[in-house]
Amino acid sequence: MMDDCIFCKIIAGEIPGNKVYEDDHWFAFRDIEPCAPTHVLLVPKKHVANILALDDESAKDFADFFQVVQKIARQEGLEESGFRVVINTGEKAGQSVFHFHAHILGGREMGWPPFPEDK
Ligand code: 5GP
Ligand code: ZN
């Protein structure tokens, strides 16, 4: 638990979060400002800032990351619509909360490439 980390506080139940999934080392809840009909944030219970902050020890907890994403996608009924997983890493890439989180987005049309302004 990191003091002053909003996601650590949500995991600890100190701040209400709209929980959608929990197991030994993962926690998932709904984004407060959803960008899609389904917008879930998947976070490790143990604080790690982002992909760049992973070390060998904390990386072990990520071994089942894709299986957990799959469980949540099924639970949310996203097989049909498909979904997108976004992990912003670093301020310049749009990371605003420095506790690793994967955005699981689904239930709407999504364009590709992801930066329409580049077209
Ligand atoms: P980032 O910009 O770091 O990739 O994503 C942070 C996400 O956390 C944003 O989509 C933002 O809406 C969400 N968020 C920030 N504060 C809270 C909060 O207190 N509760 C919930 N449920 N989501 C939050
Ligand atoms: Zn944290």
# chains A, B, ... in the order shown; residues from 1 in each chain; ligands from 1
call {"tool": "select_by_dssp", "arguments": {"residues": "stretch 8-56 of chain A", "states": "alpha helix (DSSP H)", "output": "list of chain:residue names"}}
result
A:Cys8, A:Lys9, A:Ile10, A:Ile11, A:Asp56
call {"tool": "residues_around", "arguments": {"residues": "stretch 82-95 of chain A", "least_positions_apart": "6", "cutoff": "9 Å", "atoms": "only C-alpha atoms", "output": "number ranges by chain"}}
result
A: 38, 49-52, 69, 73, 101-108, 110
call {"tool": "closest_residue", "arguments": {"among": "A:Asp24, A:Asp31, A:Asp56, A:Glu79", "to": "ligand 1", "atoms": "only C-alpha atoms and all ligand atoms"}}
result
A:Asp31
call {"tool": "residues_near_ligand", "arguments": {"ligand": "ligand 2", "cutoff": "12 Å", "atoms": "only C-alpha atoms and all ligand atoms", "output": "list in words"}}
result
Met1, Met2, Asp3, Asp4, Cys5, Ile6, Phe7, Cys8, Lys9, Ile10, Ile11, Ala12, Phe27, Val43, Pro44, Lys45, Lys46, His47, Val48, Ala49, Asn50, Val97, Phe98, His99, Phe100 and His101 of chain A
call {"tool": "residues_around", "arguments": {"residues": "A:Lys71", "least_positions_apart": "5", "cutoff": "12 Å", "atoms": "only C-alpha atoms", "output": "CSV table (one decimal) with C-alpha atoms, in the first residue's frame"}}
result
chain,number,residue,atom,x,y,z
A,20,VAL,CA,-15.9,-5.9,-11.1
A,21,TYR,CA,-13.3,-8.5,-10.3
A,22,GLU,CA,-10.9,-9.5,-7.5
A,23,ASP,CA,-8.5,-12.4,-6.8
A,26,TRP,CA,-5.6,-8.5,-9.1
A,28,ALA,CA,-10.7,-4.5,-11.3
A,42,LEU,CA,-7.4,-3.8,-14.0
A,64,ASP,CA,-1.7,-14.5,-15.5
A,65,PHE,CA,-2.4,-11.0,-16.7
A,66,PHE,CA,-4.0,-12.1,-20.0
A,76,GLU,CA,-18.6,-8.2,-19.2
A,77,GLY,CA,-19.9,-9.9,-22.3
A,78,LEU,CA,-17.3,-8.4,-24.7
A,79,GLU,CA,-16.6,-11.5,-26.8
A,104,ILE,CA,-10.2,-2.7,-20.8
call {"tool": "closest_residue", "arguments": {"among": "A:Ser96, A:Arg74, A:Lys19, A:Cys35", "to": "ligand 1", "atoms": "only C-alpha atoms and all ligand atoms"}}
result
A:Ser96
call {"tool": "closest_residue", "arguments": {"among": "A:Asp61, A:Glu14, A:Asp55, A:Glu33", "to": "ligand 1", "atoms": "only C-alpha atoms and all ligand atoms"}}
result
A:Glu33
call {"tool": "atom_distance", "arguments": {"atom1": "atom CA of A:Val68", "atom2": "atom CA of A:Val40"}}
result
12.1 Å
call {"tool": "select_by_dssp", "arguments": {"residues": "chain A", "states": "strand (DSSP E)", "output": "list of chain:residue names"}}
result
A:Lys19, A:Val20, A:Tyr21, A:Glu22, A:Trp26, A:Phe27, A:Ala28, A:Phe29, A:Arg30, A:Thr38, A:His39, A:Val40, A:Leu41, A:Leu42, A:Val43, A:Pro44, A:Phe83, A:Arg84, A:Val85, A:Val86, A:Ala102, A:His103, A:Ile104, A:Leu105, A:Gly106
call {"tool": "closest_residue", "arguments": {"among": "A:Ala53, A:Gln67, A:Phe29, A:Glu80", "to": "A:Ile15", "atoms": "only C-alpha atoms"}}
result
A:Phe29
call {"tool": "closest_residue", "arguments": {"among": "A:Lys60, A:Phe115, A:Leu41, A:Gln75", "to": "ligand 1", "atoms": "only C-alpha atoms and all ligand atoms"}}
result
A:Leu41
